[in-house]
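> Below is the file model33.cif, which contains mmCIF, C-alpha atoms and all ligand atoms.
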```cif
data_entry
loop_
_atom_site.group_PDB
_atom_site.id
_atom_site.type_symbol
_atom_site.label_atom_id
_atom_site.label_comp_id
_atom_site.auth_asym_id
_atom_site.auth_seq_id
_atom_site.Cartn_x
_atom_site.Cartn_y
_atom_site.Cartn_z
ATOM 1 C CA MET A 1436 97.825 117.057 117.918
ATOM 2 C CA ASN A 1437 100.598 116.397 115.390
ATOM 3 C CA LYS A 1438 99.452 116.435 111.813
ATOM 4 C CA VAL A 1439 100.349 113.195 110.014
ATOM 5 C CA SER A 1440 100.237 113.051 106.210
ATOM 6 C CA THR A 1441 97.376 110.788 105.114
ATOM 7 C CA SER A 1442 99.290 109.609 102.043
ATOM 8 C CA ARG A 1443 102.222 108.314 104.087
ATOM 9 C CA HIS A 1444 100.182 106.961 106.973
ATOM 10 C CA GLU A 1445 99.887 103.178 107.264
ATOM 11 C CA LEU A 1446 96.270 102.055 106.809
ATOM 12 C CA ARG A 1447 95.946 99.820 109.856
ATOM 13 C CA SER A 1448 92.142 99.737 110.047
ATOM 14 C CA VAL A 1449 89.946 99.454 106.964
ATOM 15 C CA LEU A 1450 86.141 99.316 106.912
ATOM 16 C CA ILE A 1451 84.405 98.162 103.725
ATOM 17 C CA THR A 1452 80.640 98.198 103.152
ATOM 18 C CA GLY A 1453 79.430 95.949 100.343
ATOM 19 C CA ALA A 1454 82.242 93.522 101.169
ATOM 20 C CA THR A 1455 80.013 90.656 99.976
ATOM 21 C CA GLY A 1456 79.660 92.190 96.508
ATOM 22 C CA GLY A 1457 81.757 91.872 93.369
ATOM 23 C CA ILE A 1458 83.920 94.964 93.847
ATOM 24 C CA GLY A 1459 83.902 94.873 97.672
ATOM 25 C CA MET A 1460 85.147 91.270 97.862
ATOM 26 C CA GLU A 1461 88.042 92.047 95.523
ATOM 27 C CA LEU A 1462 88.967 95.072 97.635
ATOM 28 C CA ALA A 1463 88.751 93.078 100.892
ATOM 29 C CA LYS A 1464 91.014 90.308 99.512
ATOM 30 C CA ARG A 1465 93.608 92.815 98.349
ATOM 31 C CA TYR A 1466 93.603 94.876 101.547
ATOM 32 C CA ALA A 1467 93.945 91.758 103.743
ATOM 33 C CA LYS A 1468 97.414 91.408 105.253
ATOM 34 C CA PRO A 1469 99.051 90.750 108.622
ATOM 35 C CA GLY A 1470 98.851 93.717 110.994
ATOM 36 C CA ARG A 1471 95.706 95.119 109.412
ATOM 37 C CA VAL A 1472 92.196 95.121 110.888
ATOM 38 C CA LEU A 1473 89.404 94.669 108.349
ATOM 39 C CA MET A 1474 85.809 95.490 109.219
ATOM 40 C CA LEU A 1475 83.746 93.802 106.537
ATOM 41 C CA TRP A 1476 80.072 94.673 106.193
ATOM 42 C CA GLY A 1477 77.497 92.863 104.076
ATOM 43 C CA ARG A 1478 74.072 91.272 104.250
ATOM 44 C CA ASN A 1479 74.569 87.810 102.758
ATOM 45 C CA LYS A 1480 75.876 85.614 105.579
ATOM 46 C CA GLU A 1481 77.379 82.907 103.383
ATOM 47 C CA ARG A 1482 79.431 85.358 101.320
ATOM 48 C CA LEU A 1483 80.344 87.365 104.409
ATOM 49 C CA ASP A 1484 81.681 84.251 106.150
ATOM 50 C CA ALA A 1485 83.581 83.233 103.009
ATOM 51 C CA ILE A 1486 85.311 86.588 102.503
ATOM 52 C CA ALA A 1487 86.052 86.890 106.238
ATOM 53 C CA LYS A 1488 87.687 83.439 106.202
ATOM 54 C CA LEU A 1489 89.757 84.289 103.152
ATOM 55 C CA CYS A 1490 90.961 87.586 104.627
ATOM 56 C CA CYS A 1491 91.830 85.855 107.947
ATOM 57 C CA ALA A 1492 93.843 83.284 105.994
ATOM 58 C CA ARG A 1493 95.775 86.193 104.479
ATOM 59 C CA GLY A 1494 96.722 87.338 107.968
ATOM 60 C CA ALA A 1495 94.281 90.167 108.640
ATOM 61 C CA GLU A 1496 92.290 90.509 111.840
ATOM 62 C CA VAL A 1497 88.698 90.456 110.590
ATOM 63 C CA PHE A 1498 85.465 91.725 112.117
ATOM 64 C CA PRO A 1499 82.568 90.773 109.829
ATOM 65 C CA ARG A 1500 79.224 92.480 110.322
ATOM 66 C CA GLN A 1501 75.907 91.380 108.858
ATOM 67 C CA ILE A 1502 73.922 94.573 108.430
ATOM 68 C CA ASP A 1503 71.177 96.075 106.300
ATOM 69 C CA LEU A 1504 72.152 99.617 105.333
ATOM 70 C CA SER A 1505 68.575 100.675 104.700
ATOM 71 C CA ASN A 1506 68.561 101.215 108.478
ATOM 72 C CA GLY A 1507 70.767 104.299 108.655
ATOM 73 C CA GLU A 1508 70.620 104.643 112.429
ATOM 74 C CA ALA A 1509 71.756 101.056 112.978
ATOM 75 C CA ALA A 1510 74.561 101.643 110.463
ATOM 76 C CA LEU A 1511 75.684 104.782 112.285
ATOM 77 C CA ALA A 1512 75.737 102.956 115.643
ATOM 78 C CA ALA A 1513 77.699 100.096 114.043
ATOM 79 C CA LEU A 1514 80.291 102.459 112.577
ATOM 80 C CA ARG A 1515 80.777 104.110 115.968
ATOM 81 C CA GLU A 1516 81.198 100.690 117.588
ATOM 82 C CA ASP A 1517 83.804 99.645 114.992
ATOM 83 C CA GLN A 1518 85.589 102.985 115.330
ATOM 84 C CA ALA A 1519 85.757 102.721 119.140
ATOM 85 C CA ARG A 1520 87.197 99.180 118.938
ATOM 86 C CA SER A 1521 89.623 99.426 116.030
ATOM 87 C CA GLY A 1522 89.835 103.026 114.822
ATOM 88 C CA LEU A 1523 89.161 104.038 111.213
ATOM 89 C CA ASP A 1524 92.033 104.842 108.847
ATOM 90 C CA LEU A 1525 90.193 104.010 105.615
ATOM 91 C CA VAL A 1526 86.436 103.684 105.107
ATOM 92 C CA ILE A 1527 85.194 102.389 101.749
ATOM 93 C CA LEU A 1528 81.458 102.911 101.288
ATOM 94 C CA GLY A 1529 80.851 100.539 98.398
ATOM 95 C CA ALA A 1530 77.465 98.937 99.130
ATOM 96 C CA GLY A 1531 74.804 99.853 96.642
ATOM 97 C CA LEU A 1532 71.815 98.578 94.745
ATOM 98 C CA SER A 1533 70.513 99.294 91.306
ATOM 99 C CA ASP A 1534 67.104 98.939 89.778
ATOM 100 C CA ILE A 1535 65.568 99.552 86.392
ATOM 101 C CA LYS A 1536 61.915 100.208 85.667
ATOM 102 C CA SER A 1537 60.461 97.634 83.313
ATOM 103 C CA PRO A 1538 58.649 98.969 80.217
ATOM 104 C CA ASP A 1539 55.278 97.785 81.621
ATOM 105 C CA GLN A 1540 55.728 99.936 84.761
ATOM 106 C CA GLN A 1541 54.689 103.608 84.631
ATOM 107 C CA THR A 1542 57.033 104.416 87.523
ATOM 108 C CA GLU A 1543 59.534 102.659 89.771
ATOM 109 C CA ASP A 1544 58.137 100.968 92.880
ATOM 110 C CA PRO A 1545 57.981 103.671 95.631
ATOM 111 C CA ALA A 1546 59.126 101.276 98.395
ATOM 112 C CA GLY A 1547 62.085 100.245 96.233
ATOM 113 C CA VAL A 1548 62.900 103.900 95.548
ATOM 114 C CA LEU A 1549 63.015 104.585 99.298
ATOM 115 C CA ARG A 1550 65.295 101.577 99.952
ATOM 116 C CA LEU A 1551 67.592 102.574 97.119
ATOM 117 C CA ALA A 1552 67.775 106.189 98.321
ATOM 118 C CA LEU A 1553 68.714 104.991 101.814
ATOM 119 C CA VAL A 1554 71.316 102.415 100.760
ATOM 120 C CA ASN A 1555 72.890 104.407 97.899
ATOM 121 C CA TYR A 1556 72.737 107.921 99.271
ATOM 122 C CA ALA A 1557 71.422 108.609 102.790
ATOM 123 C CA THR A 1558 73.393 105.950 104.658
ATOM 124 C CA PRO A 1559 76.738 106.404 102.836
ATOM 125 C CA VAL A 1560 76.762 110.185 103.316
ATOM 126 C CA THR A 1561 75.837 109.691 106.988
ATOM 127 C CA LEU A 1562 78.632 107.137 107.471
ATOM 128 C CA ALA A 1563 81.126 109.294 105.559
ATOM 129 C CA THR A 1564 80.327 112.215 107.847
ATOM 130 C CA ALA A 1565 80.660 110.114 111.014
ATOM 131 C CA ALA A 1566 83.930 108.643 109.738
ATOM 132 C CA ALA A 1567 85.244 112.133 108.948
ATOM 133 C CA GLN A 1568 84.402 113.282 112.493
ATOM 134 C CA SER A 1569 86.515 110.508 113.959
ATOM 135 C CA MET A 1570 89.313 111.040 111.408
ATOM 136 C CA LEU A 1571 89.381 114.778 112.117
ATOM 137 C CA SER A 1572 90.118 114.071 115.751
ATOM 138 C CA GLN A 1573 92.920 111.619 114.861
ATOM 139 C CA GLY A 1574 94.304 114.098 112.301
ATOM 140 C CA TYR A 1575 94.115 111.991 109.139
ATOM 141 C CA GLY A 1576 91.996 109.469 107.254
ATOM 142 C CA LYS A 1577 90.711 108.333 103.891
ATOM 143 C CA ILE A 1578 87.135 107.824 102.708
ATOM 144 C CA VAL A 1579 85.916 106.273 99.458
ATOM 145 C CA LEU A 1580 82.423 106.699 98.021
ATOM 146 C CA ILE A 1581 81.439 104.553 95.046
ATOM 147 C CA GLY A 1582 79.265 106.447 92.612
ATOM 148 C CA SER A 1583 78.572 105.509 88.991
ATOM 149 C CA VAL A 1584 78.719 106.975 85.494
ATOM 150 C CA ALA A 1585 74.912 106.619 85.722
ATOM 151 C CA GLY A 1586 75.131 109.717 87.938
ATOM 152 C CA PHE A 1587 76.172 111.730 84.842
ATOM 153 C CA TYR A 1588 72.854 111.085 83.117
ATOM 154 C CA GLU A 1589 69.172 111.635 83.912
ATOM 155 C CA LEU A 1590 68.184 108.038 83.118
ATOM 156 C CA PRO A 1591 64.394 107.844 82.637
ATOM 157 C CA PHE A 1592 64.335 104.081 83.328
ATOM 158 C CA ALA A 1593 66.485 104.396 86.489
ATOM 159 C CA ALA A 1594 65.655 107.802 87.915
ATOM 160 C CA SER A 1595 66.284 106.747 91.522
ATOM 161 C CA TYR A 1596 69.627 105.025 90.774
ATOM 162 C CA SER A 1597 71.041 107.777 88.565
ATOM 163 C CA SER A 1598 69.965 110.533 90.965
ATOM 164 C CA SER A 1599 71.324 108.668 94.018
ATOM 165 C CA LYS A 1600 74.744 108.523 92.357
ATOM 166 C CA ALA A 1601 74.529 112.173 91.198
ATOM 167 C CA GLY A 1602 73.724 113.151 94.788
ATOM 168 C CA LEU A 1603 76.623 111.107 96.093
ATOM 169 C CA ALA A 1604 78.961 112.868 93.645
ATOM 170 C CA CYS A 1605 77.713 116.294 94.740
ATOM 171 C CA PHE A 1606 78.248 115.304 98.380
ATOM 172 C CA ALA A 1607 81.773 114.044 97.611
ATOM 173 C CA HIS A 1608 82.781 117.258 95.841
ATOM 174 C CA ALA A 1609 81.412 119.414 98.658
ATOM 175 C CA ALA A 1610 82.892 117.268 101.435
ATOM 176 C CA ASN A 1611 86.284 117.292 99.735
ATOM 177 C CA LEU A 1612 86.279 121.102 99.797
ATOM 178 C CA ALA A 1613 85.586 120.988 103.528
ATOM 179 C CA TRP A 1614 87.721 118.033 104.647
ATOM 180 C CA ARG A 1615 90.757 117.844 102.358
ATOM 181 C CA PRO A 1616 92.455 120.894 103.914
ATOM 182 C CA LYS A 1617 92.100 119.056 107.238
ATOM 183 C CA ASN A 1618 93.944 115.962 105.989
ATOM 184 C CA ILE A 1619 90.884 113.801 105.217
ATOM 185 C CA GLN A 1620 91.197 112.523 101.662
ATOM 186 C CA LEU A 1621 87.894 111.603 100.062
ATOM 187 C CA THR A 1622 87.960 109.669 96.793
ATOM 188 C CA LEU A 1623 84.852 109.507 94.616
ATOM 189 C CA VAL A 1624 84.984 106.392 92.447
ATOM 190 C CA VAL A 1625 82.886 106.583 89.276
ATOM 191 C CA PRO A 1626 82.860 103.227 87.488
ATOM 192 C CA GLY A 1627 81.387 102.355 84.120
ATOM 193 C CA PHE A 1628 80.361 98.703 83.715
ATOM 194 C CA VAL A 1629 82.088 96.316 86.114
ATOM 195 C CA ASP A 1630 81.556 92.572 85.748
ATOM 196 C CA THR A 1631 79.701 91.857 89.015
ATOM 197 C CA PRO A 1632 76.233 90.498 89.874
ATOM 198 C CA MET A 1633 74.905 94.075 89.633
ATOM 199 C CA SER A 1634 75.747 94.543 85.961
ATOM 200 C CA GLN A 1635 75.251 90.854 85.116
ATOM 201 C CA ARG A 1636 71.526 91.433 85.744
ATOM 202 C CA LEU A 1637 71.360 93.965 82.889
ATOM 203 C CA GLU A 1638 69.990 92.903 79.543
ATOM 204 C CA GLY A 1639 71.961 94.150 76.562
ATOM 205 C CA PRO A 1640 75.534 95.200 75.988
ATOM 206 C CA ARG A 1641 77.909 96.377 78.716
ATOM 207 C CA PRO A 1642 80.390 98.488 76.756
ATOM 208 C CA PHE A 1643 84.004 98.808 77.979
ATOM 209 C CA LEU A 1644 83.368 96.155 80.676
ATOM 210 C CA VAL A 1645 86.029 95.948 83.418
ATOM 211 C CA SER A 1646 86.614 92.967 85.726
ATOM 212 C CA ALA A 1647 85.961 93.397 89.450
ATOM 213 C CA GLY A 1648 89.620 92.634 90.175
ATOM 214 C CA SER A 1649 90.815 95.325 87.802
ATOM 215 C CA ALA A 1650 88.296 97.792 89.304
ATOM 216 C CA ALA A 1651 89.637 97.015 92.803
ATOM 217 C CA CYS A 1652 93.245 97.633 91.678
ATOM 218 C CA LYS A 1653 92.323 100.998 90.144
ATOM 219 C CA ILE A 1654 90.460 102.002 93.310
ATOM 220 C CA MET A 1655 93.383 101.011 95.563
ATOM 221 C CA LYS A 1656 95.802 103.003 93.419
ATOM 222 C CA ALA A 1657 93.542 106.072 93.627
ATOM 223 C CA VAL A 1658 93.228 105.654 97.417
ATOM 224 C CA LYS A 1659 96.998 105.399 97.758
ATOM 225 C CA SER A 1660 97.625 108.589 95.802
ATOM 226 C CA GLY A 1661 94.716 110.397 97.460
ATOM 227 C CA GLN A 1662 92.985 111.091 94.121
ATOM 228 C CA ALA A 1663 89.760 113.096 94.563
ATOM 229 C CA GLU A 1664 87.899 111.466 91.656
ATOM 230 C CA LEU A 1665 88.462 108.272 89.692
ATOM 231 C CA ILE A 1666 86.361 107.740 86.561
ATOM 232 C CA PHE A 1667 87.005 104.446 84.767
ATOM 233 C CA PRO A 1668 87.391 103.022 82.204
ATOM 234 C CA TRP A 1669 88.897 105.971 80.316
ATOM 235 C CA GLN A 1670 86.293 105.831 77.536
ATOM 236 C CA PHE A 1671 83.746 107.317 79.963
ATOM 237 C CA ARG A 1672 86.075 110.236 80.675
ATOM 238 C CA VAL A 1673 86.268 110.949 76.945
ATOM 239 C CA MET A 1674 82.481 110.598 76.537
ATOM 240 C CA ARG A 1675 81.970 113.000 79.438
ATOM 241 C CA ILE A 1676 83.947 115.664 77.595
ATOM 242 C CA ALA A 1677 82.386 114.928 74.193
ATOM 243 C CA GLU A 1678 78.794 114.995 75.424
ATOM 244 C CA ARG A 1679 79.202 118.572 76.684
ATOM 245 C CA LEU A 1680 79.114 119.557 73.014
ATOM 246 C CA LEU A 1681 75.662 117.976 72.520
ATOM 247 C CA PRO A 1682 72.736 120.396 72.249
ATOM 248 C CA ALA A 1683 70.219 119.926 75.102
ATOM 249 C CA PHE A 1684 67.382 118.728 72.824
ATOM 250 C CA LEU A 1685 69.587 116.009 71.345
ATOM 251 C CA ARG A 1686 70.754 114.837 74.779
ATOM 252 C CA LYS A 1687 67.100 114.628 75.916
ATOM 253 C CA HIS A 1688 66.127 112.703 72.779
ATOM 254 C CA ILE A 1689 68.975 110.179 73.246
ATOM 255 C CA LEU A 1690 68.129 109.635 76.930
ATOM 256 C CA GLN A 1691 64.431 109.124 76.133
ATOM 257 C CA SER A 1692 65.162 106.604 73.411
ATOM 258 C CA LEU A 1693 67.494 104.423 75.513
ATOM 259 C CA ASP A 1694 66.078 100.939 75.967
ATOM 260 C CA VAL A 1695 67.637 99.089 78.904
ATOM 261 C CA GLY A 1696 66.194 96.148 80.789
ATOM 262 C CA GLN A 1697 67.210 93.792 83.545
ATOM 263 C CA LYS A 1698 66.696 90.098 84.187
ATOM 264 C CA GLU A 1699 65.237 90.475 87.671
ATOM 265 C CA HIS A 1700 64.424 93.278 90.047
ATOM 266 C CA ALA A 1701 66.646 94.331 92.940
ATOM 267 C CA GLY A 1702 65.854 92.278 96.004
ATOM 268 C CA GLY A 1703 65.409 93.594 99.519
HETATM 269 N N1 LIG A 1801 78.876 96.683 88.680
HETATM 270 C C1 LIG A 1801 78.796 97.800 87.986
HETATM 271 O O1 LIG A 1801 78.727 97.791 86.733
HETATM 272 C C2 LIG A 1801 78.805 99.126 88.703
HETATM 273 C C3 LIG A 1801 78.885 100.282 87.915
HETATM 274 C C4 LIG A 1801 78.888 101.510 88.540
HETATM 275 C C5 LIG A 1801 78.837 101.605 89.914
HETATM 276 N N2 LIG A 1801 78.754 100.454 90.658
HETATM 277 C C6 LIG A 1801 78.678 100.609 92.118
HETATM 278 O O2 LIG A 1801 79.676 99.832 92.729
HETATM 279 C C7 LIG A 1801 79.259 99.464 94.048
HETATM 280 C C8 LIG A 1801 79.508 97.973 94.255
HETATM 281 O O3 LIG A 1801 78.656 97.265 93.363
HETATM 282 P P1 LIG A 1801 79.009 95.828 92.754
HETATM 283 O O4 LIG A 1801 79.165 96.008 91.310
HETATM 284 O O5 LIG A 1801 80.094 95.187 93.539
HETATM 285 O O6 LIG A 1801 77.596 95.119 92.972
HETATM 286 P P2 LIG A 1801 77.177 93.795 93.759
HETATM 287 O O7 LIG A 1801 78.092 92.689 93.439
HETATM 288 O O8 LIG A 1801 75.725 93.671 93.473
HETATM 289 O O9 LIG A 1801 77.400 94.195 95.303
HETATM 290 C C9 LIG A 1801 76.562 95.090 95.967
HETATM 291 C C10 LIG A 1801 76.949 95.124 97.418
HETATM 292 O O10 LIG A 1801 76.084 96.029 98.116
HETATM 293 C C11 LIG A 1801 75.531 95.348 99.238
HETATM 294 N N3 LIG A 1801 74.189 95.818 99.546
HETATM 295 C C12 LIG A 1801 73.144 95.977 98.703
HETATM 296 N N4 LIG A 1801 72.060 96.341 99.406
HETATM 297 C C13 LIG A 1801 72.420 96.392 100.704
HETATM 298 C C14 LIG A 1801 71.746 96.693 101.904
HETATM 299 N N5 LIG A 1801 70.447 97.016 101.926
HETATM 300 N N6 LIG A 1801 72.426 96.638 103.066
HETATM 301 C C15 LIG A 1801 73.734 96.303 103.076
HETATM 302 N N7 LIG A 1801 74.438 96.011 101.981
HETATM 303 C C16 LIG A 1801 73.781 96.054 100.797
HETATM 304 C C17 LIG A 1801 75.470 93.904 98.817
HETATM 305 O O11 LIG A 1801 75.356 93.098 99.976
HETATM 306 P P3 LIG A 1801 74.727 91.597 99.917
HETATM 307 O O12 LIG A 1801 75.162 91.000 98.610
HETATM 308 O O13 LIG A 1801 75.347 90.927 101.092
HETATM 309 O O14 LIG A 1801 73.262 91.772 99.995
HETATM 310 C C18 LIG A 1801 76.804 93.765 98.101
HETATM 311 O O15 LIG A 1801 77.835 93.593 99.036
HETATM 312 C C19 LIG A 1801 77.788 99.878 94.154
HETATM 313 O O16 LIG A 1801 77.689 101.076 94.893
HETATM 314 C C20 LIG A 1801 77.381 100.101 92.721
HETATM 315 O O17 LIG A 1801 76.313 101.035 92.603
HETATM 316 C C21 LIG A 1801 78.744 99.225 90.092
#
```
Any chance you could put this one into structure tokens?

Amino acid sequence: MNKVSTSRHELRSVLITGATGGIGMELAKRYAKPGRVLMLWGRNKERLDAIAKLCCARGAEVFPRQIDLSNGEAALAALREDQARSGLDLVILGAGLSDIKSPDQQTEDPAGVLRLALVNYATPVTLATAAAQSMLSQGYGKIVLIGSVAGFYELPFAASYSSSKAGLACFAHAANLAWRPKNIQLTLVVPGFVDTPMSQRLEGPRPFLVSAGSAACKIMKAVKSGQAELIFPWQFRVMRIAERLLPAFLRKHILQSLDVGQKEHAGG
């Protein structure tokens, strides 16, 4: 098979999970154009129909899929079905949920922890692997995983969220070592606060807040150039360097004294 450069290859088929969310909708809108197939996945039917309609109006051929990603096997079967019908040039695994333990809870809810681990970690790494298999046989492809700066920290009030994103980052770094030499470009996106329903639920400040539209533009630029990791906004890159100078006891003390709440708990 001839090797085709991923960077120069036209992205004819794009699959986006979380296409009903703040960042996913902005990505779907911007990727929609004549000659492109968009496979848009989400759970909320109303928002899924709305974004599908908008992307069709922009000339894309759209296949919306209502799916719950806590069922990893169903998600894997769905990806294979989409791949067989339309191929996969770019797969953006953006769906995710966040949750924060309230001060009156001793621990997070175990059922919620399981759902979060499936949606934020187990299903995306499964789908990324299946997508890479199909891309390896076509000789090129791009995959995006959306992590979080929360993955940099052991957050005591969001142990499941922060660890799911840390795990995703570890997977992305390892998979890049394996796949990049074979012309599969994986981009790990690590956002700070983005103005979407997810962060709007938080109580308290959202420093260095970025709009969902601006986040989508940064992600698309990173995908185009084949960047392995995109951390934004830049202030979090600086903090990441600065915090390496912190002694361990001070880091632990700061993490334990953080007080973050949310208006409502993550729904099913
Ligand atoms: N917003 C931020 O400040 C921020 C910061 C760092 C990282 N991130 C990450 O960015 C990604 C996108 O988040 P967002 O900010 O756009 O949040 P959002 O507006 O809340 O969107 C979340 C998306 O994930 C989907 N989703 C959640 N649970 C699902 C499930 N069980 N099955 C299928 N889909 C499910 C939602 O689908 P439905 O709405 O249809 O249920 C929605 O499309 C997430 O991975 C998030 O962790 C966000």
> To one decimal place, how far is CA of Thr1452 in chain A from CA of Leu1562 in chain A in Å?
10.1 Å
> For ligand LIG 1801 (chain A), collect every residue having any atom at a distance of at most 6 Å from a ligand atom (counting all atoms listed in the file); output as an MDAnalysis selection string.
chainID A and resid 1453:1459 1477:1479 1502:1505 1529:1532 1554 1581:1583 1626:1634
> Residues around (81.5, 110.2, 77.3), cut-off 12 Å, counting all atoms listed in the file - what are they as a compact mmCIF listing (two decimals) with C-alpha atoms, keeping the file's coordinate frame?

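File written: point_18.txt
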```
# COMPACT_ATOMS: atom_id res chain seq x y z
CA VAL A 1584 78.72 106.98 85.49
CA ALA A 1585 74.91 106.62 85.72
CA PHE A 1587 76.17 111.73 84.84
CA TYR A 1588 72.85 111.08 83.12
CA GLY A 1627 81.39 102.36 84.12
CA PRO A 1642 80.39 98.49 76.76
CA PHE A 1643 84.00 98.81 77.98
CA ILE A 1666 86.36 107.74 86.56
CA PHE A 1667 87.00 104.45 84.77
CA PRO A 1668 87.39 103.02 82.20
CA TRP A 1669 88.90 105.97 80.32
CA GLN A 1670 86.29 105.83 77.54
CA PHE A 1671 83.75 107.32 79.96
CA ARG A 1672 86.08 110.24 80.68
CA VAL A 1673 86.27 110.95 76.94
CA MET A 1674 82.48 110.60 76.54
CA ARG A 1675 81.97 113.00 79.44
CA ILE A 1676 83.95 115.66 77.60
CA ALA A 1677 82.39 114.93 74.19
CA GLU A 1678 78.79 115.00 75.42
CA ARG A 1679 79.20 118.57 76.68
CA LEU A 1680 79.11 119.56 73.01
CA LEU A 1681 75.66 117.98 72.52
CA ARG A 1686 70.75 114.84 74.78
```
> Check what the PyMOL selection byres (((chain A and resi 1599) around 10) and not hetatm) selects in the file above and give those residues as a ChimeraX atom specification.
/A:1531,1533,1548,1551-1557,1582-1583,1585-1586,1593-1598,1600-1605
> Can you list, as a VMD selection string, the residues that the PyMOL selection byres (((chain A and resi 1513-1524) around 6) and not hetatm) selects here?
chain A and resid 1446 1448 1510 to 1512 1525 1576
> Any chance you could model N, CA, C and O atoms for range 1550-1564 of chain A and send them as a tab-separated table (two decimals), keeping the file's coordinate frame?

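Output saved as part.tsv:
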```tsv
chain	number	residue	atom	x	y	z
A	1550	ARG	N	64.17	102.44	99.53
A	1550	ARG	CA	65.30	101.58	99.95
A	1550	ARG	C	66.57	101.98	99.22
A	1550	ARG	O	67.64	102.09	99.80
A	1551	LEU	N	66.42	102.21	97.92
A	1551	LEU	CA	67.59	102.57	97.12
A	1551	LEU	C	68.18	103.92	97.58
A	1551	LEU	O	69.40	104.07	97.72
A	1552	ALA	N	67.29	104.88	97.87
A	1552	ALA	CA	67.78	106.19	98.32
A	1552	ALA	C	68.52	106.06	99.64
A	1552	ALA	O	69.52	106.74	99.88
A	1553	LEU	N	68.05	105.19	100.52
A	1553	LEU	CA	68.71	104.99	101.81
A	1553	LEU	C	70.07	104.31	101.64
A	1553	LEU	O	71.08	104.76	102.18
A	1554	VAL	N	70.08	103.22	100.88
A	1554	VAL	CA	71.32	102.42	100.76
A	1554	VAL	C	72.37	103.14	99.91
A	1554	VAL	O	73.56	103.10	100.22
A	1555	ASN	N	71.92	103.81	98.84
A	1555	ASN	CA	72.89	104.41	97.90
A	1555	ASN	C	73.28	105.82	98.27
A	1555	ASN	O	74.34	106.29	97.86
A	1556	TYR	N	72.41	106.52	98.97
A	1556	TYR	CA	72.74	107.92	99.27
A	1556	TYR	C	72.73	108.25	100.77
A	1556	TYR	O	73.76	108.61	101.33
A	1557	ALA	N	71.56	108.07	101.42
A	1557	ALA	CA	71.42	108.61	102.79
A	1557	ALA	C	72.41	107.95	103.76
A	1557	ALA	O	73.09	108.63	104.53
A	1558	THR	N	72.49	106.61	103.70
A	1558	THR	CA	73.39	105.95	104.66
A	1558	THR	C	74.87	106.22	104.34
A	1558	THR	O	75.63	106.57	105.25
A	1559	PRO	N	75.31	106.11	103.08
A	1559	PRO	CA	76.74	106.40	102.84
A	1559	PRO	C	77.16	107.82	103.22
A	1559	PRO	O	78.25	108.01	103.76
A	1560	VAL	N	76.31	108.83	102.96
A	1560	VAL	CA	76.76	110.18	103.32
A	1560	VAL	C	76.76	110.36	104.84
A	1560	VAL	O	77.60	111.07	105.39
A	1561	THR	N	75.85	109.65	105.52
A	1561	THR	CA	75.84	109.69	106.99
A	1561	THR	C	77.11	109.04	107.53
A	1561	THR	O	77.79	109.58	108.42
A	1562	LEU	N	77.45	107.86	106.99
A	1562	LEU	CA	78.63	107.14	107.47
A	1562	LEU	C	79.91	107.91	107.13
A	1562	LEU	O	80.86	107.94	107.93
A	1563	ALA	N	79.93	108.52	105.94
A	1563	ALA	CA	81.13	109.29	105.56
A	1563	ALA	C	81.32	110.44	106.54
A	1563	ALA	O	82.46	110.74	106.97
A	1564	THR	N	80.24	111.08	106.93
A	1564	THR	CA	80.33	112.22	107.85
A	1564	THR	C	80.80	111.75	109.23
A	1564	THR	O	81.67	112.39	109.85
```
